[in-house]
Every structure is written in C-alpha cells, then in structure tokens.
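Undergrad: Okay, so here is target35.pdb, and as you'll see once you scroll down, it has PDB, C-alpha atoms.
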```pdb
ATOM      1  CA  MET A   1     -22.870 -39.451   7.019  1.00  0.00           C
ATOM      2  CA  THR A   2     -20.425 -37.830   9.416  1.00  0.00           C
ATOM      3  CA  THR A   3     -17.498 -38.706   7.167  1.00  0.00           C
ATOM      4  CA  GLU A   4     -19.254 -36.989   4.256  1.00  0.00           C
ATOM      5  CA  LYS A   5     -19.638 -33.813   6.322  1.00  0.00           C
ATOM      6  CA  GLY A   6     -16.029 -34.127   7.486  1.00  0.00           C
ATOM      7  CA  ASP A   7     -14.811 -34.516   3.908  1.00  0.00           C
ATOM      8  CA  GLN A   8     -16.915 -31.569   2.837  1.00  0.00           C
ATOM      9  CA  LEU A   9     -15.524 -29.417   5.637  1.00  0.00           C
ATOM     10  CA  ARG A  10     -11.989 -30.511   4.759  1.00  0.00           C
ATOM     11  CA  GLN A  11     -12.564 -29.545   1.097  1.00  0.00           C
ATOM     12  CA  GLN A  12     -13.865 -26.118   2.164  1.00  0.00           C
ATOM     13  CA  LEU A  13     -10.820 -25.535   4.392  1.00  0.00           C
ATOM     14  CA  ILE A  14      -8.433 -26.520   1.600  1.00  0.00           C
ATOM     15  CA  ALA A  15     -10.237 -24.197  -0.838  1.00  0.00           C
ATOM     16  CA  ALA A  16     -10.046 -21.342   1.698  1.00  0.00           C
ATOM     17  CA  VAL A  17      -6.296 -21.849   2.212  1.00  0.00           C
ATOM     18  CA  VAL A  18      -5.684 -21.977  -1.549  1.00  0.00           C
ATOM     19  CA  LYS A  19      -7.719 -18.770  -2.004  1.00  0.00           C
ATOM     20  CA  LYS A  20      -5.793 -17.021   0.781  1.00  0.00           C
ATOM     21  CA  ARG A  21      -2.408 -18.032  -0.638  1.00  0.00           C
ATOM     22  CA  ALA A  22      -3.387 -16.831  -4.113  1.00  0.00           C
ATOM     23  CA  ALA A  23      -4.500 -13.451  -2.724  1.00  0.00           C
ATOM     24  CA  LEU A  24      -1.249 -13.045  -0.776  1.00  0.00           C
ATOM     25  CA  ALA A  25       0.786 -13.985  -3.870  1.00  0.00           C
ATOM     26  CA  ARG A  26      -1.100 -11.360  -5.940  1.00  0.00           C
ATOM     27  CA  ALA A  27      -0.437  -8.747  -3.247  1.00  0.00           C
ATOM     28  CA  HIS A  28       3.270  -9.592  -3.310  1.00  0.00           C
ATOM     29  CA  ALA A  29       3.333  -9.259  -7.112  1.00  0.00           C
ATOM     30  CA  VAL A  30       1.653  -5.835  -6.807  1.00  0.00           C
ATOM     31  CA  VAL A  31       4.250  -4.687  -4.256  1.00  0.00           C
ATOM     32  CA  VAL A  32       7.033  -5.723  -6.647  1.00  0.00           C
ATOM     33  CA  ARG A  33       5.327  -3.920  -9.553  1.00  0.00           C
ATOM     34  CA  LEU A  34       4.819  -0.705  -7.564  1.00  0.00           C
ATOM     35  CA  MET A  35       8.513  -0.603  -6.670  1.00  0.00           C
ATOM     36  CA  GLU A  36       9.258   0.261 -10.301  1.00  0.00           C
ATOM     37  CA  PRO A  37       9.366   3.873 -11.515  1.00  0.00           C
ATOM     38  CA  GLY A  38       6.915   5.156 -14.125  1.00  0.00           C
ATOM     39  CA  ILE A  39       3.686   3.411 -13.102  1.00  0.00           C
ATOM     40  CA  PRO A  40       0.708   4.763 -15.113  1.00  0.00           C
ATOM     41  CA  GLU A  41      -2.069   6.326 -12.974  1.00  0.00           C
ATOM     42  CA  GLY A  42      -4.770   3.947 -14.212  1.00  0.00           C
ATOM     43  CA  GLU A  43      -2.709   0.860 -13.474  1.00  0.00           C
ATOM     44  CA  PHE A  44      -1.750   2.204 -10.038  1.00  0.00           C
ATOM     45  CA  LEU A  45      -5.385   2.847  -9.095  1.00  0.00           C
ATOM     46  CA  SER A  46      -6.479  -0.606 -10.296  1.00  0.00           C
ATOM     47  CA  LEU A  47      -3.715  -2.355  -8.337  1.00  0.00           C
ATOM     48  CA  LEU A  48      -4.750  -0.785  -5.015  1.00  0.00           C
ATOM     49  CA  TRP A  49      -7.629  -3.262  -4.757  1.00  0.00           C
ATOM     50  CA  GLU A  50      -5.148  -6.151  -4.563  1.00  0.00           C
ATOM     51  CA  ILE A  51      -3.219  -4.895  -1.507  1.00  0.00           C
ATOM     52  CA  GLY A  52      -3.726  -3.916   2.110  1.00  0.00           C
ATOM     53  CA  PRO A  53      -2.274  -0.995   4.115  1.00  0.00           C
ATOM     54  CA  SER A  54       0.745  -3.045   5.244  1.00  0.00           C
ATOM     55  CA  ASN A  55       1.508  -3.906   1.603  1.00  0.00           C
ATOM     56  CA  TYR A  56       1.326  -0.205   0.728  1.00  0.00           C
ATOM     57  CA  ASP A  57       3.786   0.512   3.571  1.00  0.00           C
ATOM     58  CA  ASP A  58       6.086  -2.145   2.077  1.00  0.00           C
ATOM     59  CA  VAL A  59       5.966  -0.368  -1.293  1.00  0.00           C
ATOM     60  CA  VAL A  60       6.946   2.958   0.315  1.00  0.00           C
ATOM     61  CA  ASP A  61       9.765   1.314   2.315  1.00  0.00           C
ATOM     62  CA  GLU A  62      11.154  -0.617  -0.667  1.00  0.00           C
ATOM     63  CA  ARG A  63      11.099   2.462  -2.892  1.00  0.00           C
ATOM     64  CA  ASP A  64      12.933   4.378  -0.142  1.00  0.00           C
ATOM     65  CA  ILE A  65      15.570   1.643   0.086  1.00  0.00           C
ATOM     66  CA  ASN A  66      16.033   1.940  -3.690  1.00  0.00           C
ATOM     67  CA  LYS A  67      16.398   5.752  -3.312  1.00  0.00           C
ATOM     68  CA  LEU A  68      13.115   6.429  -5.138  1.00  0.00           C
ATOM     69  CA  CYS A  69      10.375   8.720  -3.864  1.00  0.00           C
ATOM     70  CA  GLY A  70       7.968   6.609  -1.788  1.00  0.00           C
ATOM     71  CA  TYR A  71       4.923   7.733  -3.789  1.00  0.00           C
ATOM     72  CA  PRO A  72       4.476   5.115  -6.543  1.00  0.00           C
ATOM     73  CA  LEU A  73       3.359   7.687  -9.146  1.00  0.00           C
ATOM     74  CA  CYS A  74       6.547   9.723  -8.682  1.00  0.00           C
ATOM     75  CA  SER A  75       9.773   8.679 -10.386  1.00  0.00           C
ATOM     76  CA  ASN A  76      12.050  11.201  -8.653  1.00  0.00           C
ATOM     77  CA  LEU A  77      15.188  10.003  -6.940  1.00  0.00           C
ATOM     78  CA  LEU A  78      15.739  10.816  -3.278  1.00  0.00           C
ATOM     79  CA  GLU A  79      18.852  12.967  -3.263  1.00  0.00           C
ATOM     80  CA  LYS A  80      18.971  15.437  -0.379  1.00  0.00           C
ATOM     81  CA  VAL A  81      17.530  13.383   2.472  1.00  0.00           C
ATOM     82  CA  PRO A  82      17.638  15.324   5.761  1.00  0.00           C
ATOM     83  CA  LYS A  83      19.767  13.744   8.485  1.00  0.00           C
ATOM     84  CA  GLN A  84      17.730  14.964  11.454  1.00  0.00           C
ATOM     85  CA  LYS A  85      14.895  12.875  12.875  1.00  0.00           C
ATOM     86  CA  TYR A  86      12.741  15.805  14.011  1.00  0.00           C
ATOM     87  CA  ALA A  87      11.794  19.251  12.723  1.00  0.00           C
ATOM     88  CA  ILE A  88      10.683  22.071  14.993  1.00  0.00           C
ATOM     89  CA  SER A  89       8.099  24.573  13.815  1.00  0.00           C
ATOM     90  CA  ALA A  90       8.374  27.699  15.930  1.00  0.00           C
ATOM     91  CA  SER A  91       5.346  29.293  14.268  1.00  0.00           C
ATOM     92  CA  LYS A  92       3.098  26.297  15.054  1.00  0.00           C
ATOM     93  CA  ASN A  93       4.880  25.457  18.307  1.00  0.00           C
ATOM     94  CA  LYS A  94       5.183  21.784  17.251  1.00  0.00           C
ATOM     95  CA  VAL A  95       7.818  19.101  16.850  1.00  0.00           C
ATOM     96  CA  TYR A  96       7.450  16.875  13.773  1.00  0.00           C
ATOM     97  CA  ASP A  97       8.879  13.371  13.397  1.00  0.00           C
ATOM     98  CA  LEU A  98      10.483  13.217   9.933  1.00  0.00           C
ATOM     99  CA  THR A  99      10.979   9.426   9.808  1.00  0.00           C
ATOM    100  CA  GLU A 100       8.186   8.816   7.273  1.00  0.00           C
ATOM    101  CA  ARG A 101       8.456  12.193   5.523  1.00  0.00           C
ATOM    102  CA  LYS A 102      12.099  11.500   4.560  1.00  0.00           C
ATOM    103  CA  LYS A 103      10.919   8.702   2.246  1.00  0.00           C
ATOM    104  CA  PHE A 104       9.414  11.243  -0.176  1.00  0.00           C
ATOM    105  CA  CYS A 105      10.891  13.850  -2.507  1.00  0.00           C
ATOM    106  CA  SER A 106       8.360  16.555  -1.571  1.00  0.00           C
ATOM    107  CA  GLY A 107       5.570  17.465   0.772  1.00  0.00           C
ATOM    108  CA  HIS A 108       3.073  16.954  -2.040  1.00  0.00           C
ATOM    109  CA  CYS A 109       4.222  13.368  -2.665  1.00  0.00           C
ATOM    110  CA  PHE A 110       4.012  12.640   1.064  1.00  0.00           C
ATOM    111  CA  LYS A 111       0.456  14.029   1.285  1.00  0.00           C
ATOM    112  CA  ALA A 112      -0.610  12.288  -1.936  1.00  0.00           C
ATOM    113  CA  SER A 113       0.738   8.971  -0.679  1.00  0.00           C
ATOM    114  CA  GLU A 114      -1.025   9.303   2.680  1.00  0.00           C
ATOM    115  CA  TYR A 115      -4.248  10.240   0.853  1.00  0.00           C
ATOM    116  CA  VAL A 116      -4.069   7.074  -1.260  1.00  0.00           C
ATOM    117  CA  LYS A 117      -3.033   4.864   1.659  1.00  0.00           C
ATOM    118  CA  ALA A 118      -6.099   5.986   3.635  1.00  0.00           C
ATOM    119  CA  GLN A 119      -8.292   4.561   0.841  1.00  0.00           C
ATOM    120  CA  VAL A 120      -6.648   1.119   0.718  1.00  0.00           C
ATOM    121  CA  PRO A 121      -9.157  -1.400   2.105  1.00  0.00           C
ATOM    122  CA  THR A 122      -8.326  -3.013   5.436  1.00  0.00           C
ATOM    123  CA  SER A 123     -10.386  -6.154   4.841  1.00  0.00           C
ATOM    124  CA  PRO A 124      -8.564  -9.475   4.310  1.00  0.00           C
ATOM    125  CA  LEU A 125      -7.327  -9.803   0.734  1.00  0.00           C
ATOM    126  CA  TRP A 126      -8.892 -13.228   0.246  1.00  0.00           C
ATOM    127  CA  LEU A 127     -12.383 -11.943   1.162  1.00  0.00           C
ATOM    128  CA  ARG A 128     -12.419  -9.000  -1.230  1.00  0.00           C
ATOM    129  CA  ASP A 129     -14.404 -10.902  -3.853  1.00  0.00           C
ATOM    130  CA  ARG A 130     -17.434 -10.465  -1.553  1.00  0.00           C
ATOM    131  CA  GLU A 131     -17.067  -6.668  -1.474  1.00  0.00           C
ATOM    132  CA  THR A 132     -17.823  -3.856  -3.869  1.00  0.00           C
ATOM    133  CA  ARG A 133     -14.663  -2.468  -5.400  1.00  0.00           C
ATOM    134  CA  PRO A 134     -14.235   1.193  -4.368  1.00  0.00           C
ATOM    135  CA  SER A 135     -13.327   3.961  -6.761  1.00  0.00           C
ATOM    136  CA  PHE A 136      -9.865   5.079  -5.673  1.00  0.00           C
ATOM    137  CA  GLN A 137      -8.991   8.758  -6.015  1.00  0.00           C
ATOM    138  CA  LEU A 138      -5.702  10.624  -6.288  1.00  0.00           C
ATOM    139  CA  LEU A 139      -5.027  13.763  -4.271  1.00  0.00           C
ATOM    140  CA  PRO A 140      -6.253  16.689  -6.376  1.00  0.00           C
ATOM    141  CA  LYS A 141      -3.437  18.813  -7.816  1.00  0.00           C
ATOM    142  CA  GLY A 142      -2.627  21.965  -5.895  1.00  0.00           C
ATOM    143  CA  ILE A 143      -3.532  20.628  -2.449  1.00  0.00           C
TER
END
```
Could I get this file's structure written as structure tokens?

TA:
Amino acid sequence: MTTEKGDQLRQQLIAAVVKKRAALARAHAVVVRLMEPGIPEGEFLSLLWEIGPSNYDDVVDERDINKLCGYPLCSNLLEKVPKQKYAISASKNKVYDLTERKKFCSGHCFKASEYVKAQVPTSPLWLRDRETRPSFQLLPKGI
C-alpha cells in the first residue's frame, strides 16, 4: 500500500513539474512576442495573463535594448535618450531617477506601462488555472 501512495505522489510531482515548465515556456513565448512592434491592443491585454511582473520587466528591458519604446503598444523608436541619470525639479523640490523613464519615448508611455504592470498578477504562473482571469485595462487617454 505504501508503494501505491509513493507512486501516486511521484506522479503528482511529475505532473506539477511538467505544468510549471509549460507555464514558464508560455511566459517566455509571450515575452518574445511583446518585443515586436505593432502588437494589437486586444492581443496585448490577453497575453498579460500568461506573464508575471518580472516577465513584464523583461519585455521593457528587451524593447529598450532594441531601441524601441518600452511600452509594448507603442512602436516608436528611442532616439533622443537623455544621458543624465537624474533630473531635478526645482518647482517640486525633488530629484528623479531617470533610469526606468529613459526606456520610454514619452511620459505617457511610461505612465501607461506602469499602469499595466501594476495589474499583472503576482501569483505563480502554473497556478493561474485556479484563479479568475482579471479584466486588464489600459491607461485612459489624456491622463
């Protein structure tokens, strides 16, 4: 009887590992897809369910490396990237780190990307089939 339970447990562990690997492979495929310019909004929103926040960061970084705006719905090239690391706002009496902001063509794209990233689920990819799929939203125009 104990060998039956052991075999059953072994089968469950193998199934869990296979499920995890498949989820990670899908996430990688989504990252590769989102690196391309011209992603339709509907496709972009549906793909967000397949990735986690670190995958979204990878998309932004890879697009930056390829000199594309980090926001996957924007196809603009990054041309005039500021050299400085910080910006000082005298009116707000603040110093801003530009490291992440430099990966985007505009303030709107940066805000829109951060808005979307905040909605990406943080749960493990391979356990998402137990969750309700959220309705992802884009940053409303003009904000």

Undergrad: What does the structure give for the distance between CA of Pro121 (chain A) and CA of Ser54 (chain A), in Å to one decimal?

TA: 10.5 Å

Undergrad: Hey, which of A:Trp49, A:Glu79, A:Asp61, A:Arg130 ends up closest to Val116 (chain A)? Count all atoms listed in the file.

TA: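 Answer, going by the shortest atom-to-atom distance: A:Trp49.
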
Undergrad: What is the CA of Trp126 (chain A)-CA of Glu36 (chain A) distance in Å, reported with one decimal?

TA: 25.0 Å

Undergrad: Go through A:Gly70, A:Gly6, A:Pro53, A:Pro37 one by one, measure the shortest atom-to-atom distance of each to Thr122 (chain A) using all atoms listed in the file, and give the residue with the smallest value.

TA: A:Pro53

Undergrad: What is the CA of Phe136 (chain A) to CA of Cys109 (chain A) distance in Å?

TA: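 Taking CA of Phe136 (chain A) as the start and CA of Cys109 (chain A) as the end point, the length is 16.6 Å.
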
Undergrad: Counting all atoms listed in the file, I want the residues whose atoms come within 8 Å of (4.1, 11.4, -6.4) in the file frame, returned as a PyMOL selection string.

TA: chain A and resi 69-75+108-110+112-113
